[in-house]
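Shown next: final-v2.csv, given as CSV, C-alpha atoms.
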```csv
chain,number,residue,atom,x,y,z
A,1,MET,CA,36.2,2.1,-21.0
A,2,ILE,CA,35.5,5.6,-19.7
A,3,THR,CA,36.3,6.3,-16.0
A,4,LEU,CA,34.1,8.9,-14.4
A,5,TYR,CA,35.6,10.6,-11.3
A,6,CYS,CA,32.8,11.8,-9.1
A,7,PHE,CA,31.8,12.4,-5.5
A,8,LYS,CA,31.6,9.6,-2.9
A,9,THR,CA,31.0,11.9,0.0
A,10,ILE,CA,30.5,15.7,0.2
A,11,PHE,CA,29.8,18.2,2.9
A,12,GLU,CA,26.4,18.4,4.6
A,13,GLY,CA,23.9,20.3,2.6
A,14,GLY,CA,25.5,19.6,-0.7
A,15,VAL,CA,24.0,16.2,-1.5
A,16,GLY,CA,22.4,16.1,-4.9
A,17,GLU,CA,23.8,19.4,-6.2
A,18,THR,CA,27.1,18.3,-7.7
A,19,LYS,CA,28.0,18.6,-11.4
A,20,ASP,CA,29.1,15.0,-11.8
A,21,LEU,CA,25.4,14.2,-12.1
A,22,ARG,CA,25.5,15.9,-15.6
A,23,ALA,CA,28.4,13.8,-16.8
A,24,GLN,CA,26.9,10.6,-15.5
A,25,TRP,CA,23.5,11.4,-17.0
A,26,ALA,CA,25.1,12.0,-20.4
A,27,LEU,CA,26.9,8.6,-20.2
A,28,GLU,CA,23.6,6.9,-19.4
A,29,GLU,CA,21.7,8.7,-22.2
A,30,LEU,CA,24.4,7.9,-24.7
A,31,GLY,CA,24.9,4.2,-23.6
A,32,LEU,CA,28.7,4.5,-23.4
A,33,PRO,CA,30.4,2.0,-21.2
A,34,TYR,CA,31.9,3.5,-18.1
A,35,ARG,CA,33.0,2.9,-14.5
A,36,VAL,CA,32.7,5.2,-11.5
A,37,HIS,CA,35.7,6.2,-9.5
A,38,ALA,CA,34.2,7.8,-6.4
A,39,LEU,CA,36.2,10.4,-4.4
A,40,ASP,CA,35.9,11.2,-0.8
A,41,GLN,CA,36.0,15.0,-0.6
A,42,ILE,CA,35.9,15.0,3.2
A,43,ALA,CA,38.9,12.8,3.4
A,44,GLY,CA,40.8,15.1,1.0
A,45,ASP,CA,40.8,12.9,-2.1
A,46,LEU,CA,40.3,16.0,-4.3
A,47,GLN,CA,43.4,17.7,-2.9
A,48,SER,CA,45.7,14.7,-3.4
A,49,ASP,CA,48.8,15.0,-5.6
A,50,ALA,CA,47.5,12.3,-7.9
A,51,TYR,CA,44.2,14.0,-8.5
A,52,SER,CA,45.8,17.4,-9.0
A,53,LYS,CA,47.5,15.9,-12.1
A,54,ILE,CA,44.2,15.2,-13.8
A,55,SER,CA,41.9,18.0,-12.4
A,56,PRO,CA,43.3,21.5,-12.8
A,57,PHE,CA,41.0,23.0,-10.1
A,58,HIS,CA,40.6,19.9,-7.9
A,59,GLN,CA,37.0,19.5,-8.9
A,60,VAL,CA,34.6,16.8,-10.3
A,61,PRO,CA,33.6,15.6,-12.7
A,62,VAL,CA,36.6,14.3,-14.6
A,63,ILE,CA,36.6,11.6,-17.2
A,64,ASP,CA,39.5,9.4,-18.4
A,65,ASP,CA,38.8,7.9,-21.8
A,66,ASP,CA,41.7,5.5,-22.3
A,67,GLY,CA,44.2,8.2,-21.5
A,68,PHE,CA,42.3,11.2,-22.7
A,69,VAL,CA,41.6,13.1,-19.6
A,70,LEU,CA,38.9,15.9,-19.5
A,71,SER,CA,37.4,18.1,-16.8
A,72,GLU,CA,34.6,20.6,-16.7
A,73,SER,CA,31.0,19.2,-17.0
A,74,GLY,CA,30.1,21.2,-20.2
A,75,ALA,CA,33.2,20.1,-22.0
A,76,ILE,CA,32.7,16.5,-20.9
A,77,VAL,CA,29.1,16.2,-22.1
A,78,LEU,CA,30.0,17.8,-25.5
A,79,TYR,CA,32.9,15.4,-25.9
A,80,LEU,CA,30.7,12.4,-25.0
A,81,ALA,CA,28.1,13.4,-27.5
A,82,GLU,CA,30.7,13.8,-30.2
A,83,LYS,CA,32.2,10.5,-29.3
A,84,ALA,CA,28.9,8.6,-29.4
A,85,GLY,CA,27.4,10.6,-32.4
A,86,LYS,CA,24.2,11.1,-30.4
A,87,LEU,CA,22.4,14.0,-28.7
A,88,ILE,CA,24.2,16.5,-30.9
A,89,PRO,CA,23.5,17.4,-34.6
A,90,SER,CA,25.8,16.2,-37.3
A,91,ASP,CA,26.1,19.6,-39.0
A,92,VAL,CA,28.5,22.3,-37.7
A,93,GLN,CA,25.7,24.9,-37.2
A,94,GLY,CA,23.6,22.4,-35.2
A,95,ARG,CA,26.6,21.4,-33.1
A,96,THR,CA,27.4,25.0,-32.5
A,97,ARG,CA,23.9,25.7,-31.4
A,98,VAL,CA,24.1,23.0,-28.8
A,99,THR,CA,27.4,24.4,-27.6
A,100,GLN,CA,25.9,27.9,-27.4
A,101,TRP,CA,23.2,26.6,-25.0
A,102,CYS,CA,25.6,24.6,-22.9
A,103,PHE,CA,27.6,27.8,-22.5
A,104,ALA,CA,24.4,29.8,-21.7
A,105,ALA,CA,23.6,27.3,-18.9
A,106,VAL,CA,27.0,27.4,-17.2
A,107,ALA,CA,28.2,30.9,-18.0
A,108,THR,CA,25.0,33.0,-17.9
A,109,ILE,CA,22.4,31.4,-15.7
A,110,ASP,CA,24.4,29.2,-13.3
A,111,PRO,CA,26.7,32.0,-11.9
A,112,THR,CA,23.7,33.9,-10.6
A,113,PHE,CA,22.2,30.9,-9.0
A,114,THR,CA,25.5,30.0,-7.4
A,115,SER,CA,25.9,33.6,-6.1
A,116,LEU,CA,22.5,33.3,-4.5
A,117,ASP,CA,23.6,30.1,-2.7
A,118,MET,CA,26.8,31.9,-1.5
A,119,VAL,CA,24.9,34.8,-0.1
A,120,GLY,CA,22.5,32.4,1.7
A,121,ILE,CA,25.4,30.5,3.2
A,122,PHE,CA,27.9,33.3,4.0
A,123,ASP,CA,25.8,36.5,4.3
A,124,PRO,CA,22.2,35.6,4.9
A,125,GLN,CA,21.3,39.0,6.3
A,126,ASN,CA,22.4,40.8,3.2
A,127,HIS,CA,18.9,41.3,1.8
A,128,LYS,CA,19.9,44.0,-0.7
A,129,LEU,CA,22.4,41.7,-2.4
A,130,GLU,CA,20.0,38.8,-2.3
A,131,GLY,CA,17.3,41.0,-3.9
A,132,ASP,CA,19.6,42.2,-6.6
A,133,LEU,CA,20.7,38.7,-7.4
A,134,ARG,CA,17.1,37.5,-7.5
A,135,LYS,CA,16.3,40.3,-9.9
A,136,LEU,CA,19.1,39.2,-12.2
A,137,ALA,CA,18.0,35.6,-11.9
A,138,ARG,CA,14.5,36.7,-13.0
A,139,ARG,CA,15.9,38.5,-16.0
A,140,TRP,CA,17.7,35.3,-17.1
A,141,LEU,CA,14.6,33.2,-16.5
A,142,GLU,CA,12.4,35.6,-18.4
A,143,ASP,CA,14.7,35.2,-21.4
A,144,LEU,CA,14.8,31.5,-21.0
A,145,ALA,CA,11.0,31.3,-20.8
A,146,ARG,CA,10.8,33.3,-24.0
A,147,ARG,CA,13.1,30.8,-25.7
A,148,LEU,CA,10.9,27.9,-24.5
A,149,ALA,CA,7.6,29.6,-25.4
A,150,ASP,CA,7.1,27.4,-28.5
A,151,ARG,CA,9.9,24.8,-28.1
A,152,THR,CA,10.1,21.4,-26.5
A,153,TRP,CA,13.9,21.4,-26.1
A,154,ILE,CA,16.4,24.3,-25.6
A,155,ALA,CA,18.7,24.0,-28.6
A,156,CYS,CA,17.2,21.8,-31.3
A,157,SER,CA,13.9,20.0,-32.1
A,158,GLU,CA,15.2,16.9,-30.3
A,159,PHE,CA,16.7,16.4,-26.8
A,160,THR,CA,20.5,17.1,-26.8
A,161,VAL,CA,23.3,17.4,-24.3
A,162,ALA,CA,22.4,21.1,-24.0
A,163,ASP,CA,19.2,20.0,-22.3
A,164,ILE,CA,21.3,18.0,-19.8
A,165,MET,CA,23.3,21.1,-19.0
A,166,MET,CA,20.3,23.4,-18.8
A,167,ALA,CA,18.3,21.0,-16.7
A,168,GLY,CA,21.2,20.5,-14.4
A,169,VAL,CA,21.5,24.2,-13.8
A,170,LEU,CA,17.7,24.5,-13.2
A,171,ARG,CA,17.9,21.7,-10.7
A,172,ASN,CA,20.0,23.9,-8.4
A,173,VAL,CA,17.0,26.1,-7.6
A,174,ARG,CA,14.4,23.4,-7.4
A,175,LYS,CA,13.9,24.1,-3.7
A,176,THR,CA,13.3,27.8,-4.2
A,177,ASP,CA,10.4,29.8,-5.6
A,178,LEU,CA,12.4,31.3,-8.5
A,179,LEU,CA,10.7,29.1,-11.1
A,180,ASP,CA,7.1,29.7,-9.8
A,181,PRO,CA,6.3,32.5,-12.3
A,182,PHE,CA,7.6,30.5,-15.2
A,183,PRO,CA,5.4,27.5,-15.9
A,184,LYS,CA,7.1,26.9,-19.3
A,185,ILE,CA,10.4,26.5,-17.6
A,186,LYS,CA,9.0,24.1,-15.0
A,187,ALA,CA,7.4,22.0,-17.7
A,188,TYR,CA,10.6,21.9,-19.6
A,189,ARG,CA,12.6,20.9,-16.5
A,190,ASP,CA,10.0,18.2,-15.8
A,191,ARG,CA,10.3,16.8,-19.4
A,192,CYS,CA,14.0,16.6,-19.0
A,193,PHE,CA,13.8,14.8,-15.6
A,194,ALA,CA,11.1,12.4,-16.9
A,195,ARG,CA,13.7,10.7,-19.0
A,196,PRO,CA,14.6,7.1,-17.9
A,197,ALA,CA,18.3,7.8,-18.1
A,198,TRP,CA,18.0,10.6,-15.6
A,199,GLU,CA,16.1,8.4,-13.2
A,200,HIS,CA,18.7,5.7,-13.5
A,201,THR,CA,21.4,8.3,-12.8
A,202,LEU,CA,19.6,9.6,-9.8
A,203,GLN,CA,19.2,6.1,-8.4
A,204,GLN,CA,22.9,5.3,-8.8
A,205,TYR,CA,23.8,8.6,-7.2
A,206,ALA,CA,21.6,8.0,-4.2
A,207,ALA,CA,23.1,4.5,-3.8
A,208,ARG,CA,26.6,5.9,-3.8
A,209,PHE,CA,25.7,8.3,-1.0
A,210,GLY,CA,23.7,5.8,0.9
A,211,VAL,CA,20.5,7.9,0.9
A,212,SER,CA,17.1,7.6,-0.6
A,213,VAL,CA,16.3,8.9,-4.1
A,214,ASP,CA,13.7,11.2,-2.6
A,215,HIS,CA,16.4,12.7,-0.4
A,216,ILE,CA,18.2,14.1,-3.5
A,217,ARG,CA,15.3,14.4,-5.9
```
I need this file expressed as structure tokens, please.
Amino acid sequence: MITLYCFKTIFEGGVGETKDLRAQWALEELGLPYRVHALDQIAGDLQSDAYSKISPFHQVPVIDDDGFVLSESGAIVLYLAEKAGKLIPSDVQGRTRVTQWCFAAVATIDPTFTSLDMVGIFDPQNHKLEGDLRKLARRWLEDLARRLADRTWIACSEFTVADIMMAGVLRNVRKTDLLDPFPKIKAYRDRCFARPAWEHTLQQYAARFGVSVDHIR
């Protein structure tokens, strides 16, 4: 059985934003048996010697599949899809297309969103930097909207793990106005989050933190 290492407690303000959601969503979509090993970040679980042996950067998520240990949410969802033979095409070009859009989510779009968060936390009066980052975010979102202009899903004609990664990244700006000019992206995000596996993931996540689903939705 797969063990998913994820958060049990996190710092105030971070609830509902963590990347272990993507891995758990993939597990739920794929129907793979798994158990949760929840880590208390505040108590220092992520910095323990034991955890450092399986997580190079002391982060979550990590999975342990009968001794095969893997970190990084993008790598995890791709591995799980390959293992299950679902949510990823069987041909090499199709699989590579899914990989491309997983990378686009975490390497192109997400760093800009994360930088906006960092400015808001550590330098909220730096309006020039915030404006520059918002301009860059709009650029990525314009390109993403163009990709979604006549598509239901981001990589293929069917839902894949690339949609899990992209929707997970878009979730990070759900409480901002960044998506307001992009109805196609909003509709895409809503399609992803309308899936029963996502709702089940969110319910389990809320229960683990002892909060209501609405608190992290």
Please return as a PDB file with C-alpha atoms, keeping the file's coordinate frame every residue within 12 Å of (18.2, 18.3, -30.9), taking into account only C-alpha atoms and the file's own coordinates.
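Dumped everything to selection.pdb:
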```pdb
ATOM      1  CA  ALA A  81      28.100  13.400 -27.500  1.00  0.00           C
ATOM      2  CA  LYS A  86      24.200  11.100 -30.400  1.00  0.00           C
ATOM      3  CA  LEU A  87      22.400  14.000 -28.700  1.00  0.00           C
ATOM      4  CA  ILE A  88      24.200  16.500 -30.900  1.00  0.00           C
ATOM      5  CA  PRO A  89      23.500  17.400 -34.600  1.00  0.00           C
ATOM      6  CA  SER A  90      25.800  16.200 -37.300  1.00  0.00           C
ATOM      7  CA  ASP A  91      26.100  19.600 -39.000  1.00  0.00           C
ATOM      8  CA  GLN A  93      25.700  24.900 -37.200  1.00  0.00           C
ATOM      9  CA  GLY A  94      23.600  22.400 -35.200  1.00  0.00           C
ATOM     10  CA  ARG A  95      26.600  21.400 -33.100  1.00  0.00           C
ATOM     11  CA  THR A  96      27.400  25.000 -32.500  1.00  0.00           C
ATOM     12  CA  ARG A  97      23.900  25.700 -31.400  1.00  0.00           C
ATOM     13  CA  VAL A  98      24.100  23.000 -28.800  1.00  0.00           C
ATOM     14  CA  THR A  99      27.400  24.400 -27.600  1.00  0.00           C
ATOM     15  CA  TRP A 101      23.200  26.600 -25.000  1.00  0.00           C
ATOM     16  CA  ARG A 151       9.900  24.800 -28.100  1.00  0.00           C
ATOM     17  CA  THR A 152      10.100  21.400 -26.500  1.00  0.00           C
ATOM     18  CA  TRP A 153      13.900  21.400 -26.100  1.00  0.00           C
ATOM     19  CA  ILE A 154      16.400  24.300 -25.600  1.00  0.00           C
ATOM     20  CA  ALA A 155      18.700  24.000 -28.600  1.00  0.00           C
ATOM     21  CA  CYS A 156      17.200  21.800 -31.300  1.00  0.00           C
ATOM     22  CA  SER A 157      13.900  20.000 -32.100  1.00  0.00           C
ATOM     23  CA  GLU A 158      15.200  16.900 -30.300  1.00  0.00           C
ATOM     24  CA  PHE A 159      16.700  16.400 -26.800  1.00  0.00           C
ATOM     25  CA  THR A 160      20.500  17.100 -26.800  1.00  0.00           C
ATOM     26  CA  VAL A 161      23.300  17.400 -24.300  1.00  0.00           C
ATOM     27  CA  ALA A 162      22.400  21.100 -24.000  1.00  0.00           C
ATOM     28  CA  ASP A 163      19.200  20.000 -22.300  1.00  0.00           C
ATOM     29  CA  ILE A 164      21.300  18.000 -19.800  1.00  0.00           C
TER      30      ILE A 164
END
```
- Which residues, written as an NGL selection string, have at least one atom at most 8 Å from Ala206 (chain A), with all atoms listed in the file counted and residues fewer than 6 positions away on the same chain left out? :A and (212-213 or 215-216)
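Here the question is which of A:Ser115, A:Tyr5, A:Gln24, A:Cys102 gets nearest to Gln204 (chain A) using only C-alpha atoms, and that residue is A:Gln24.
When all atoms listed in the file are used to measure the gap to Leu148 (chain A), the shortest distance among A:Arg189, A:Gln125, A:Gln41, A:Gly168 belongs to A:Arg189.
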- Near Leu21 (chain A), within 9 Å and counting only C-alpha atoms, which residues show up once chain neighbours fewer than 4 positions away are dropped, as number ranges by chain? A: 6, 16-17, 25-26, 61, 73, 168, 198, 201-202, 205
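Distance annotation: of A:Ser71, A:Gln59, A:Thr176, A:Asn126, the residue with the minimal separation from Asp40 (chain A) is A:Gln59; atom set is all atoms listed in the file.
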- Item | Gap from CA of Gln203 (chain A) to CA of Arg35 (chain A) - Å, one decimal | 15.4 Å
- Here CA of Leu39 (chain A) and CA of Phe7 (chain A) stand apart by 5.0 Å
- Note on the structure: From CA of Ile185 (chain A) to CA of Ala197 (chain A) the spacing works out at 20.3 Å
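Take the candidates A:Met1, A:Ser48, A:His58, A:Asp65 and check each one against Tyr34 (chain A) using all atoms listed in the file; the shortest distance goes to A:Met1.
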